[in-house]
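Structure file protein_8.cif (mmCIF, C-alpha atoms and all ligand atoms) follows.
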data_input
loop_
_atom_site.group_PDB
_atom_site.id
_atom_site.type_symbol
_atom_site.label_atom_id
_atom_site.label_comp_id
_atom_site.auth_asym_id
_atom_site.auth_seq_id
_atom_site.Cartn_x
_atom_site.Cartn_y
_atom_site.Cartn_z
ATOM 1 C CA MET A 18 68.957 15.781 -0.068
ATOM 2 C CA LEU A 19 71.238 16.181 2.929
ATOM 3 C CA LYS A 20 72.051 12.476 3.006
ATOM 4 C CA ASP A 21 75.109 12.942 5.227
ATOM 5 C CA ASN A 22 72.972 14.516 7.905
ATOM 6 C CA LEU A 23 70.404 11.749 8.127
ATOM 7 C CA HIS A 24 69.852 10.565 11.650
ATOM 8 C CA VAL A 25 70.710 6.899 12.233
ATOM 9 C CA PRO A 26 67.590 5.308 13.765
ATOM 10 C CA VAL A 27 68.190 3.887 17.226
ATOM 11 C CA MET A 28 67.170 0.320 18.180
ATOM 12 C CA LEU A 29 65.633 -0.075 14.745
ATOM 13 C CA GLU A 30 65.467 -3.881 14.743
ATOM 14 C CA GLU A 31 63.816 -3.897 18.152
ATOM 15 C CA VAL A 32 61.229 -1.301 17.123
ATOM 16 C CA ILE A 33 60.356 -3.265 14.000
ATOM 17 C CA ASP A 34 60.130 -6.583 15.884
ATOM 18 C CA TYR A 35 58.066 -5.300 18.788
ATOM 19 C CA LEU A 36 55.574 -3.409 16.632
ATOM 20 C CA LYS A 37 54.515 -6.765 15.053
ATOM 21 C CA LEU A 38 54.005 -5.082 11.678
ATOM 22 C CA THR A 39 51.764 -6.597 9.022
ATOM 23 C CA PRO A 40 50.602 -5.367 5.602
ATOM 24 C CA GLY A 41 47.556 -3.148 5.931
ATOM 25 C CA ALA A 42 48.434 -1.837 9.404
ATOM 26 C CA THR A 43 47.899 1.773 10.455
ATOM 27 C CA ILE A 44 50.910 3.010 12.423
ATOM 28 C CA VAL A 45 51.782 6.377 13.977
ATOM 29 C CA ASP A 46 55.382 7.552 14.162
ATOM 30 C CA ALA A 47 54.952 10.334 16.718
ATOM 31 C CA THR A 48 58.509 11.639 16.187
ATOM 32 C CA ILE A 49 59.236 10.892 12.547
ATOM 33 C CA GLY A 50 62.424 13.006 12.396
ATOM 34 C CA THR A 51 64.281 12.119 9.212
ATOM 35 C CA GLY A 52 62.191 8.990 8.771
ATOM 36 C CA GLY A 53 64.676 6.240 9.644
ATOM 37 C CA HIS A 54 62.203 4.131 11.619
ATOM 38 C CA SER A 55 59.348 5.001 9.291
ATOM 39 C CA LEU A 56 61.190 3.866 6.177
ATOM 40 C CA GLU A 57 61.438 0.340 7.580
ATOM 41 C CA ILE A 58 57.895 0.450 8.982
ATOM 42 C CA LEU A 59 56.458 1.489 5.615
ATOM 43 C CA LYS A 60 58.169 -1.392 3.807
ATOM 44 C CA ARG A 61 56.376 -3.802 6.123
ATOM 45 C CA ILE A 62 52.875 -2.316 6.109
ATOM 46 C CA ILE A 63 52.375 -1.996 2.362
ATOM 47 C CA PRO A 64 50.218 -2.842 0.546
ATOM 48 C CA GLY A 65 47.203 -1.317 2.195
ATOM 49 C CA GLY A 66 48.979 0.160 5.209
ATOM 50 C CA ARG A 67 49.040 3.740 6.382
ATOM 51 C CA LEU A 68 51.663 5.619 8.321
ATOM 52 C CA VAL A 69 51.023 8.913 10.094
ATOM 53 C CA GLY A 70 54.288 10.738 10.758
ATOM 54 C CA ILE A 71 54.254 13.605 13.238
ATOM 55 C CA ASP A 72 57.026 16.082 14.011
ATOM 56 C CA ARG A 73 57.293 19.542 15.528
ATOM 57 C CA ASP A 74 60.112 20.382 13.180
ATOM 58 C CA GLU A 75 59.138 21.475 9.678
ATOM 59 C CA ASN A 76 62.667 21.066 8.298
ATOM 60 C CA SER A 77 62.677 17.400 9.304
ATOM 61 C CA LEU A 78 59.254 16.882 7.748
ATOM 62 C CA ALA A 79 60.412 18.429 4.462
ATOM 63 C CA LEU A 80 63.384 16.087 4.402
ATOM 64 C CA CYS A 81 61.136 13.137 5.203
ATOM 65 C CA ARG A 82 58.718 14.020 2.431
ATOM 66 C CA GLU A 83 61.570 13.760 -0.039
ATOM 67 C CA ARG A 84 63.143 10.661 1.497
ATOM 68 C CA LEU A 85 59.893 8.704 1.719
ATOM 69 C CA ALA A 86 58.477 9.922 -1.614
ATOM 70 C CA GLU A 87 58.072 6.407 -2.997
ATOM 71 C CA PHE A 88 55.592 5.683 -0.188
ATOM 72 C CA LYS A 89 53.658 8.928 -0.519
ATOM 73 C CA ASP A 90 50.312 7.193 -1.065
ATOM 74 C CA SER A 91 50.651 5.393 2.288
ATOM 75 C CA LEU A 92 52.043 8.344 4.236
ATOM 76 C CA GLU A 93 50.535 11.343 6.029
ATOM 77 C CA LEU A 94 53.064 13.846 7.385
ATOM 78 C CA VAL A 95 51.726 16.246 9.980
ATOM 79 C CA HIS A 96 53.437 19.246 11.544
ATOM 80 C CA ALA A 97 52.230 18.993 15.118
ATOM 81 C CA ASN A 98 53.184 18.358 18.682
ATOM 82 C CA PHE A 99 52.588 14.734 19.656
ATOM 83 C CA ALA A 100 50.779 16.176 22.669
ATOM 84 C CA ASP A 101 47.937 16.685 20.166
ATOM 85 C CA LEU A 102 48.115 13.264 18.604
ATOM 86 C CA ASP A 103 44.462 12.472 19.332
ATOM 87 C CA GLN A 104 43.424 15.471 17.224
ATOM 88 C CA VAL A 105 45.955 14.687 14.499
ATOM 89 C CA VAL A 106 44.653 11.154 14.134
ATOM 90 C CA GLY A 107 41.005 12.240 14.487
ATOM 91 C CA ASN A 108 41.418 14.873 11.746
ATOM 92 C CA LEU A 109 42.602 12.130 9.396
ATOM 93 C CA GLY A 110 39.439 10.153 10.101
ATOM 94 C CA ILE A 111 41.342 7.404 11.916
ATOM 95 C CA GLU A 112 39.712 5.924 15.026
ATOM 96 C CA LYS A 113 42.103 3.216 16.141
ATOM 97 C CA ILE A 114 45.676 2.350 15.214
ATOM 98 C CA ASP A 115 47.792 -0.818 15.084
ATOM 99 C CA GLY A 116 50.872 0.621 16.731
ATOM 100 C CA ILE A 117 52.778 3.748 17.679
ATOM 101 C CA VAL A 118 56.406 4.635 18.213
ATOM 102 C CA PHE A 119 57.928 7.579 20.105
ATOM 103 C CA ASP A 120 61.651 8.181 19.626
ATOM 104 C CA LEU A 121 62.161 11.098 21.982
ATOM 105 C CA GLY A 122 64.546 14.035 21.945
ATOM 106 C CA ILE A 123 66.288 15.460 18.910
ATOM 107 C CA SER A 124 67.916 13.945 15.854
ATOM 108 C CA SER A 125 71.516 14.291 14.730
ATOM 109 C CA TYR A 126 70.126 16.186 11.732
ATOM 110 C CA GLN A 127 68.933 18.892 14.135
ATOM 111 C CA LEU A 128 72.024 18.704 16.339
ATOM 112 C CA GLN A 129 74.376 19.177 13.409
ATOM 113 C CA ASP A 130 72.638 22.292 12.135
ATOM 114 C CA ALA A 131 74.532 25.022 14.028
ATOM 115 C CA GLN A 132 71.796 27.564 13.333
ATOM 116 C CA ARG A 133 69.324 25.579 15.456
ATOM 117 C CA GLY A 134 71.449 26.209 18.530
ATOM 118 C CA PHE A 135 71.296 22.681 19.997
ATOM 119 C CA SER A 136 75.027 22.018 19.908
ATOM 120 C CA PHE A 137 77.670 23.316 22.284
ATOM 121 C CA GLN A 138 80.305 22.166 19.835
ATOM 122 C CA GLN A 139 79.386 24.620 17.124
ATOM 123 C CA GLU A 140 78.885 28.351 17.260
ATOM 124 C CA GLY A 141 75.231 29.207 16.744
ATOM 125 C CA PRO A 142 72.414 31.359 18.081
ATOM 126 C CA LEU A 143 70.898 30.318 21.423
ATOM 127 C CA ASP A 144 67.660 28.995 19.984
ATOM 128 C CA MET A 145 66.862 25.263 20.635
ATOM 129 C CA ARG A 146 63.213 25.508 19.576
ATOM 130 C CA LEU A 147 62.052 22.279 17.930
ATOM 131 C CA ASP A 148 59.175 24.216 16.440
ATOM 132 C CA LYS A 149 60.337 27.536 15.061
ATOM 133 C CA SER A 150 56.877 29.006 15.483
ATOM 134 C CA SER A 151 57.008 28.724 19.283
ATOM 135 C CA TYR A 152 57.684 31.909 21.206
ATOM 136 C CA ILE A 153 60.259 31.034 23.829
ATOM 137 C CA SER A 154 63.828 30.283 22.810
ATOM 138 C CA ALA A 155 66.915 29.312 24.793
ATOM 139 C CA TYR A 156 68.008 32.946 24.572
ATOM 140 C CA ASP A 157 64.843 34.046 26.395
ATOM 141 C CA LEU A 158 65.276 31.567 29.234
ATOM 142 C CA VAL A 159 69.008 32.027 29.715
ATOM 143 C CA ASN A 160 68.707 35.817 29.722
ATOM 144 C CA ASN A 161 65.443 36.298 31.611
ATOM 145 C CA LEU A 162 64.971 33.628 34.265
ATOM 146 C CA ASN A 163 66.162 34.747 37.679
ATOM 147 C CA GLU A 164 69.066 32.986 39.348
ATOM 148 C CA ASN A 165 66.867 30.662 41.366
ATOM 149 C CA GLU A 166 64.759 29.714 38.345
ATOM 150 C CA LEU A 167 67.880 29.049 36.272
ATOM 151 C CA SER A 168 69.334 26.921 38.997
ATOM 152 C CA GLN A 169 66.086 24.923 39.348
ATOM 153 C CA MET A 170 65.910 24.404 35.599
ATOM 154 C CA LEU A 171 69.479 23.059 35.479
ATOM 155 C CA TRP A 172 68.805 20.703 38.361
ATOM 156 C CA ASN A 173 65.297 19.564 37.415
ATOM 157 C CA PHE A 174 65.940 18.968 33.729
ATOM 158 C CA GLY A 175 69.684 18.312 33.636
ATOM 159 C CA GLN A 176 70.479 17.023 37.123
ATOM 160 C CA GLU A 177 73.506 19.272 36.828
ATOM 161 C CA ARG A 178 75.548 19.019 39.992
ATOM 162 C CA TRP A 179 76.907 22.581 39.673
ATOM 163 C CA HIS A 180 73.517 24.142 38.984
ATOM 164 C CA ASN A 181 73.907 26.908 41.587
ATOM 165 C CA ARG A 182 77.336 27.984 40.413
ATOM 166 C CA ILE A 183 76.355 27.957 36.750
ATOM 167 C CA ALA A 184 73.168 29.967 37.399
ATOM 168 C CA HIS A 185 75.130 32.481 39.471
ATOM 169 C CA LEU A 186 77.730 33.024 36.759
ATOM 170 C CA LEU A 187 75.132 33.325 33.998
ATOM 171 C CA VAL A 188 73.291 36.031 35.919
ATOM 172 C CA GLN A 189 76.527 37.910 36.599
ATOM 173 C CA GLU A 190 77.704 37.727 33.010
ATOM 174 C CA ARG A 191 74.458 38.770 31.405
ATOM 175 C CA ARG A 192 74.578 42.038 33.395
ATOM 176 C CA ASN A 193 77.445 43.051 31.093
ATOM 177 C CA GLU A 194 75.943 41.762 27.863
ATOM 178 C CA PRO A 195 73.285 39.234 26.893
ATOM 179 C CA ILE A 196 74.307 35.625 26.337
ATOM 180 C CA THR A 197 73.535 35.109 22.685
ATOM 181 C CA THR A 198 75.451 32.097 21.391
ATOM 182 C CA THR A 199 75.916 28.420 22.112
ATOM 183 C CA LYS A 200 79.679 28.818 22.505
ATOM 184 C CA GLN A 201 79.234 31.646 24.985
ATOM 185 C CA LEU A 202 76.915 29.485 27.082
ATOM 186 C CA ALA A 203 79.196 26.447 26.869
ATOM 187 C CA ASP A 204 82.253 28.523 27.857
ATOM 188 C CA LEU A 205 80.431 30.018 30.845
ATOM 189 C CA VAL A 206 79.346 26.564 32.039
ATOM 190 C CA MET A 207 82.965 25.444 31.821
ATOM 191 C CA GLN A 208 84.122 28.491 33.806
ATOM 192 C CA ALA A 209 81.501 27.908 36.496
ATOM 193 C CA ILE A 210 82.658 24.373 37.233
ATOM 194 C CA PRO A 211 85.559 24.095 39.686
ATOM 195 C CA HIS A 212 88.797 23.588 37.821
ATOM 196 C CA ARG A 213 89.615 20.158 39.184
ATOM 197 C CA TYR A 214 86.237 18.772 38.091
ATOM 198 C CA ARG A 215 86.277 20.065 34.529
ATOM 199 C CA ARG A 216 87.816 16.895 33.163
ATOM 200 C CA SER A 217 87.588 14.237 35.816
ATOM 201 C CA TYR A 218 83.960 14.478 36.927
ATOM 202 C CA TYR A 219 82.419 14.411 33.480
ATOM 203 C CA ARG A 220 82.778 11.567 31.029
ATOM 204 C CA ILE A 221 80.713 13.829 28.839
ATOM 205 C CA HIS A 222 81.361 17.450 27.858
ATOM 206 C CA PRO A 223 80.697 19.641 30.929
ATOM 207 C CA ALA A 224 78.005 21.612 29.053
ATOM 208 C CA THR A 225 75.979 18.501 28.113
ATOM 209 C CA ARG A 226 73.638 18.625 31.083
ATOM 210 C CA THR A 227 73.065 22.364 30.845
ATOM 211 C CA PHE A 228 72.198 22.117 27.157
ATOM 212 C CA GLN A 229 69.857 19.196 27.845
ATOM 213 C CA ALA A 230 68.126 21.155 30.608
ATOM 214 C CA VAL A 231 67.640 24.294 28.530
ATOM 215 C CA ARG A 232 66.355 22.290 25.558
ATOM 216 C CA ILE A 233 63.840 20.417 27.711
ATOM 217 C CA ALA A 234 62.634 23.679 29.252
ATOM 218 C CA VAL A 235 62.360 25.511 25.912
ATOM 219 C CA ASN A 236 60.305 22.720 24.370
ATOM 220 C CA ARG A 237 58.488 21.727 27.576
ATOM 221 C CA GLU A 238 59.434 18.178 26.727
ATOM 222 C CA LEU A 239 58.632 16.516 30.042
ATOM 223 C CA GLU A 240 55.304 18.241 30.654
ATOM 224 C CA ILE A 241 53.577 16.579 27.731
ATOM 225 C CA LEU A 242 54.965 13.067 27.918
ATOM 226 C CA GLU A 243 52.522 11.375 30.265
ATOM 227 C CA SER A 244 49.425 12.767 28.592
ATOM 228 C CA ALA A 245 50.780 11.884 25.138
ATOM 229 C CA VAL A 246 51.373 8.267 26.209
ATOM 230 C CA ARG A 247 47.846 8.103 27.643
ATOM 231 C CA LYS A 248 46.384 9.503 24.418
ATOM 232 C CA ALA A 249 48.358 6.957 22.421
ATOM 233 C CA VAL A 250 47.111 4.049 24.529
ATOM 234 C CA ASP A 251 43.567 5.387 24.138
ATOM 235 C CA ILE A 252 43.664 4.968 20.361
ATOM 236 C CA LEU A 253 45.490 1.621 20.197
ATOM 237 C CA LYS A 254 43.475 -1.371 19.024
ATOM 238 C CA SER A 255 43.422 -4.356 21.354
ATOM 239 C CA GLN A 256 46.846 -6.114 21.217
ATOM 240 C CA ALA A 257 48.444 -3.166 19.419
ATOM 241 C CA ARG A 258 51.684 -1.862 20.871
ATOM 242 C CA ILE A 259 53.274 1.371 22.007
ATOM 243 C CA CYS A 260 57.060 1.560 21.723
ATOM 244 C CA VAL A 261 59.024 4.353 23.412
ATOM 245 C CA ILE A 262 62.721 5.122 23.107
ATOM 246 C CA SER A 263 64.034 7.635 25.610
ATOM 247 C CA PHE A 264 67.483 9.110 26.102
ATOM 248 C CA HIS A 265 67.744 10.187 29.705
ATOM 249 C CA SER A 266 66.520 8.972 33.044
ATOM 250 C CA LEU A 267 63.960 11.770 33.482
ATOM 251 C CA GLU A 268 62.090 10.640 30.383
ATOM 252 C CA ASP A 269 62.508 6.955 31.079
ATOM 253 C CA ARG A 270 61.187 7.334 34.620
ATOM 254 C CA GLN A 271 58.057 9.067 33.345
ATOM 255 C CA ILE A 272 57.431 6.346 30.796
ATOM 256 C CA LYS A 273 57.934 3.647 33.445
ATOM 257 C CA HIS A 274 55.495 5.305 35.874
ATOM 258 C CA THR A 275 52.907 6.015 33.204
ATOM 259 C CA PHE A 276 53.039 2.412 31.968
ATOM 260 C CA ARG A 277 52.649 1.159 35.555
ATOM 261 C CA ALA A 278 49.629 3.397 36.149
ATOM 262 C CA LEU A 279 48.018 2.278 32.882
ATOM 263 C CA LYS A 280 48.650 -1.344 33.807
ATOM 264 C CA ALA A 281 47.070 -0.779 37.224
ATOM 265 C CA ASP A 282 44.021 0.615 35.396
ATOM 266 C CA GLY A 283 43.843 -2.609 33.388
ATOM 267 C CA LEU A 284 44.542 -0.865 30.082
ATOM 268 C CA ILE A 285 47.894 -2.357 29.063
ATOM 269 C CA ASP A 286 50.272 -5.237 29.599
ATOM 270 C CA ILE A 287 53.899 -4.255 29.976
ATOM 271 C CA ILE A 288 55.966 -6.252 27.495
ATOM 272 C CA THR A 289 59.429 -5.112 28.615
ATOM 273 C CA ALA A 290 59.646 -5.592 32.397
ATOM 274 C CA LYS A 291 62.972 -3.776 32.260
ATOM 275 C CA PRO A 292 63.880 -1.382 29.481
ATOM 276 C CA LEU A 293 65.871 -2.847 26.610
ATOM 277 C CA THR A 294 69.161 -1.156 25.760
ATOM 278 C CA PRO A 295 71.153 -1.146 22.515
ATOM 279 C CA SER A 296 73.606 -3.940 21.769
ATOM 280 C CA TYR A 297 77.352 -3.307 22.008
ATOM 281 C CA GLY A 298 77.453 -3.549 18.234
ATOM 282 C CA GLU A 299 74.906 -0.772 17.874
ATOM 283 C CA ILE A 300 76.684 1.452 20.393
ATOM 284 C CA GLU A 301 79.954 0.899 18.575
ATOM 285 C CA ALA A 302 78.397 1.761 15.218
ATOM 286 C CA ASN A 303 76.361 4.697 16.540
ATOM 287 C CA SER A 304 77.554 6.231 19.788
ATOM 288 C CA SER A 305 74.438 8.437 20.039
ATOM 289 C CA SER A 306 72.474 5.298 20.850
ATOM 290 C CA ARG A 307 74.430 4.623 24.057
ATOM 291 C CA SER A 308 71.997 6.164 26.531
ATOM 292 C CA SER A 309 68.797 4.890 24.909
ATOM 293 C CA LYS A 310 66.185 2.868 26.756
ATOM 294 C CA PHE A 311 63.353 1.088 25.000
ATOM 295 C CA ARG A 312 60.022 0.226 26.612
ATOM 296 C CA VAL A 313 57.044 -1.508 25.067
ATOM 297 C CA ALA A 314 53.471 -2.042 26.230
ATOM 298 C CA GLU A 315 50.463 -3.717 24.639
ATOM 299 C CA ARG A 316 46.861 -2.581 24.748
ATOM 300 C CA ILE A 317 44.567 -5.094 26.411
HETATM 301 C C1 LIG B 1 65.293 11.233 17.916
HETATM 302 S S1 LIG B 1 64.463 12.148 16.692
HETATM 303 C C2 LIG B 1 63.552 10.935 15.811
HETATM 304 C C3 LIG B 1 64.339 10.279 14.740
HETATM 305 C C4 LIG B 1 63.545 9.329 13.869
HETATM 306 N N1 LIG B 1 62.983 8.225 14.602
HETATM 307 C C5 LIG B 1 64.382 8.825 12.728
HETATM 308 O O1 LIG B 1 64.613 7.615 12.639
HETATM 309 O O2 LIG B 1 64.840 9.657 11.923
HETATM 310 C C6 LIG B 1 63.182 12.945 17.564
HETATM 311 C C7 LIG B 1 62.272 13.786 16.706
HETATM 312 O O3 LIG B 1 61.122 14.088 17.489
HETATM 313 C C8 LIG B 1 60.725 15.415 17.255
HETATM 314 N N2 LIG B 1 59.969 15.804 18.452
HETATM 315 C C9 LIG B 1 60.425 15.992 19.704
HETATM 316 N N3 LIG B 1 59.419 16.309 20.534
HETATM 317 C C10 LIG B 1 58.289 16.301 19.780
HETATM 318 C C11 LIG B 1 56.922 16.535 20.071
HETATM 319 N N4 LIG B 1 56.513 16.863 21.293
HETATM 320 N N5 LIG B 1 56.021 16.421 19.077
HETATM 321 C C12 LIG B 1 56.432 16.078 17.817
HETATM 322 N N6 LIG B 1 57.716 15.861 17.491
HETATM 323 C C13 LIG B 1 58.637 15.970 18.452
HETATM 324 C C14 LIG B 1 62.013 16.158 17.026
HETATM 325 O O4 LIG B 1 61.780 17.320 16.267
HETATM 326 C C15 LIG B 1 62.849 15.114 16.265
HETATM 327 O O5 LIG B 1 62.712 15.266 14.882
#
Structure translated into structure tokens:
Amino acid sequence: MLKDNLHVPVMLEEVIDYLKLTPGATIVDATIGTGGHSLEILKRIIPGGRLVGIDRDENSLALCRERLAEFKDSLELVHANFADLDQVVGNLGIEKIDGIVFDLGISSYQLQDAQRGFSFQQEGPLDMRLDKSSYISAYDLVNNLNENELSQMLWNFGQERWHNRIAHLLVQERRNEPITTTKQLADLVMQAIPHRYRRSYYRIHPATRTFQAVRIAVNRELEILESAVRKAVDILKSQARICVISFHSLEDRQIKHTFRALKADGLIDIITAKPLTPSYGEIEANSSSRSSKFRVAERI
């Protein structure tokens, strides 16, 4: 097993506490990844409990199957988009659940695999598909969207300040030859940003926002979020909880608004008036947790 690549679960203690786990519970991990949250959930719901783990990424599911083998009788792993979680749960004959967790985005296991094309720090193909059976890759978007569409994508999904300049340069460059690799894209982003801003403006690598935007567009990550949260709340038992960890403001804002709308409809109570954030200790131990926000709601 690729133990070194295992993703470190973010806000693990908080997730475990807020889910109010008890033996016999049926829980859905809508983004099981490499199973970090699920491992701790499973320990607390046996005997008699059941965990449904969903992921769009078959590699992560294969790793999970191996990692969580000792719990195999309590575990159902399903290759699916959490947008279809009602069907996933229905197909397993489950009507209502005792809790659900969404840990959005990608895992370090995926980020570190250069061939997946998520990382601007390693040379790899421009791919970024979470589910390798989907049709559109980062290559397709970067090489086929027109300048205006590229610019919109970078602004809408990355809030990239230099979206116009980056889109312009990408369109110019791809006239000579297609943009095929992560390094090529990252280098072009760097070139597009005015020299004096390359270091000072960004605390993060200048390509971070562009890569985030392309990944969100490839996987249509924001389009499905609200409906997935609504579907989750639909299948929660009374007093069962939904826990969501997000990693950028676009996601967090959607979760906040969806929770508010569901509260206004009298379906949930919001448990975390403001999102919880990781402790300094956690950020120090795992810097990838630094931008996470955690929101919890309870079905009425
Ligand atoms: C941050 S990781 C989860 C890590 C996991 N909690 C752990 O402890 O290992 C997010 C996971 O969600 C998956 N994912 C993202 N969007 C998804 C979607 N719409 N449906 C199903 N899985 C999705 C990704 O493939 C990735 O494995």
Original post:
Using only C-alpha atoms, which of the listed residues (A:Ile71, A:Gln104, A:Lys273, A:Arg316) sits closest to A:Leu253?
Top reply: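 The closest residue to A:Leu253 is A:Arg316.
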Original post:
Which polymer residues have any atom within 12 Å of an atom of stretch 158-174 of chain A, counting only C-alpha atoms, with same-chain residues fewer than 3 positions away left out, as a count of residues only?
Top reply: 57
**OP:** Step by step, measure atom-to-atom distances between ligand LIG 1 (chain B) and each residue using all atoms listed in the file, keep those at most 8 Å, then write them as a VMD selection string.
**Re:** chain A and resid 23 to 27 46 to 55 71 to 74 77 96 to 100 119 to 125 127 147 to 148 236 238 241 to 242
Sphere at (68.0, 3.8, 26.6), radius 9 Å, counting only C-alpha atoms: residues as a PDB file with C-alpha atoms, in the frame of the given file:
ATOM      1  CA  ILE A 262      62.721   5.122  23.107  1.00  0.00           C
ATOM      2  CA  SER A 263      64.034   7.635  25.610  1.00  0.00           C
ATOM      3  CA  PHE A 264      67.483   9.110  26.102  1.00  0.00           C
ATOM      4  CA  HIS A 265      67.744  10.187  29.705  1.00  0.00           C
ATOM      5  CA  SER A 266      66.520   8.972  33.044  1.00  0.00           C
ATOM      6  CA  ASP A 269      62.508   6.955  31.079  1.00  0.00           C
ATOM      7  CA  PRO A 292      63.880  -1.382  29.481  1.00  0.00           C
ATOM      8  CA  LEU A 293      65.871  -2.847  26.610  1.00  0.00           C
ATOM      9  CA  THR A 294      69.161  -1.156  25.760  1.00  0.00           C
ATOM     10  CA  PRO A 295      71.153  -1.146  22.515  1.00  0.00           C
ATOM     11  CA  SER A 306      72.474   5.298  20.850  1.00  0.00           C
ATOM     12  CA  ARG A 307      74.430   4.623  24.057  1.00  0.00           C
ATOM     13  CA  SER A 308      71.997   6.164  26.531  1.00  0.00           C
ATOM     14  CA  SER A 309      68.797   4.890  24.909  1.00  0.00           C
ATOM     15  CA  LYS A 310      66.185   2.868  26.756  1.00  0.00           C
ATOM     16  CA  PHE A 311      63.353   1.088  25.000  1.00  0.00           C
ATOM     17  CA  ARG A 312      60.022   0.226  26.612  1.00  0.00           C
TER      18      ARG A 312
END
**OP:** Give as a list of chain:residue names every residue, naming chains and numbers as the document does, that has an atom within 10 Å of (48.2, 8.7, 24.9), counting only C-alpha atoms.
**Re:**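 All residues meeting the 10 Å criterion around (48.2, 8.7, 24.9) are A:Phe99, A:Ala100, A:Asp101, A:Leu102, A:Asp103, A:Ile117, A:Ile241, A:Leu242, A:Glu243, A:Ser244, A:Ala245, A:Val246, A:Arg247, A:Lys248, A:Ala249, A:Val250, A:Asp251, A:Ile252, A:Leu253, A:Ile259, A:Thr275.
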Subject >> Distance of atom CA of A:Gln256 from atom CA of A:Glu30, expressed in Å to one decimal place >> reply: 19.8 Å
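Of note, atom CA of A:Glu57 and atom CA of A:Asp286 are spaced 25.3 Å apart.
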Original post:
Hey, what's within 10 Å of A:Leu59 if we count only C-alpha atoms and toss same-chain stuff fewer than 4 positions away? As a ChimeraX atom specification, please?
Top reply: /A:38-40,42-44,52,54-55,63-64,66-68,85,88,91-92
Original post:
Using only C-alpha atoms, which of the listed residues (A:Ile111, A:Cys260, A:Ile287, A:Leu80) sits closest to A:Asp34?
Top reply: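 Among A:Ile111, A:Cys260, A:Ile287, A:Leu80, it is A:Cys260 that comes nearest to A:Asp34.
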Original post:
Mind pulling up the distance from atom CA of A:Ala79 to atom CA of A:Gly116?
Top reply: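 For atom CA of A:Gly116 relative to atom CA of A:Ala79, the distance reads 23.6 Å.
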Original post:
A:Arg82, A:Asp130, A:Pro223, A:Met28: which is nearest A:Gln208, counting all atoms listed in the file?
Top reply: A:Pro223
Original post:
Which one of A:Lys291, A:His274, A:Arg258, A:His222 sits closest to A:Gln138 if you count all atoms listed in the file?
Top reply: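 The shortest atom-to-atom distance to A:Gln138 comes from A:His222.
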Original post:
Nearest to A:Asp282: which of A:Leu128, A:Leu56, A:Ile317, A:Ile114 is it, counting only C-alpha atoms?
Top reply: A:Ile317
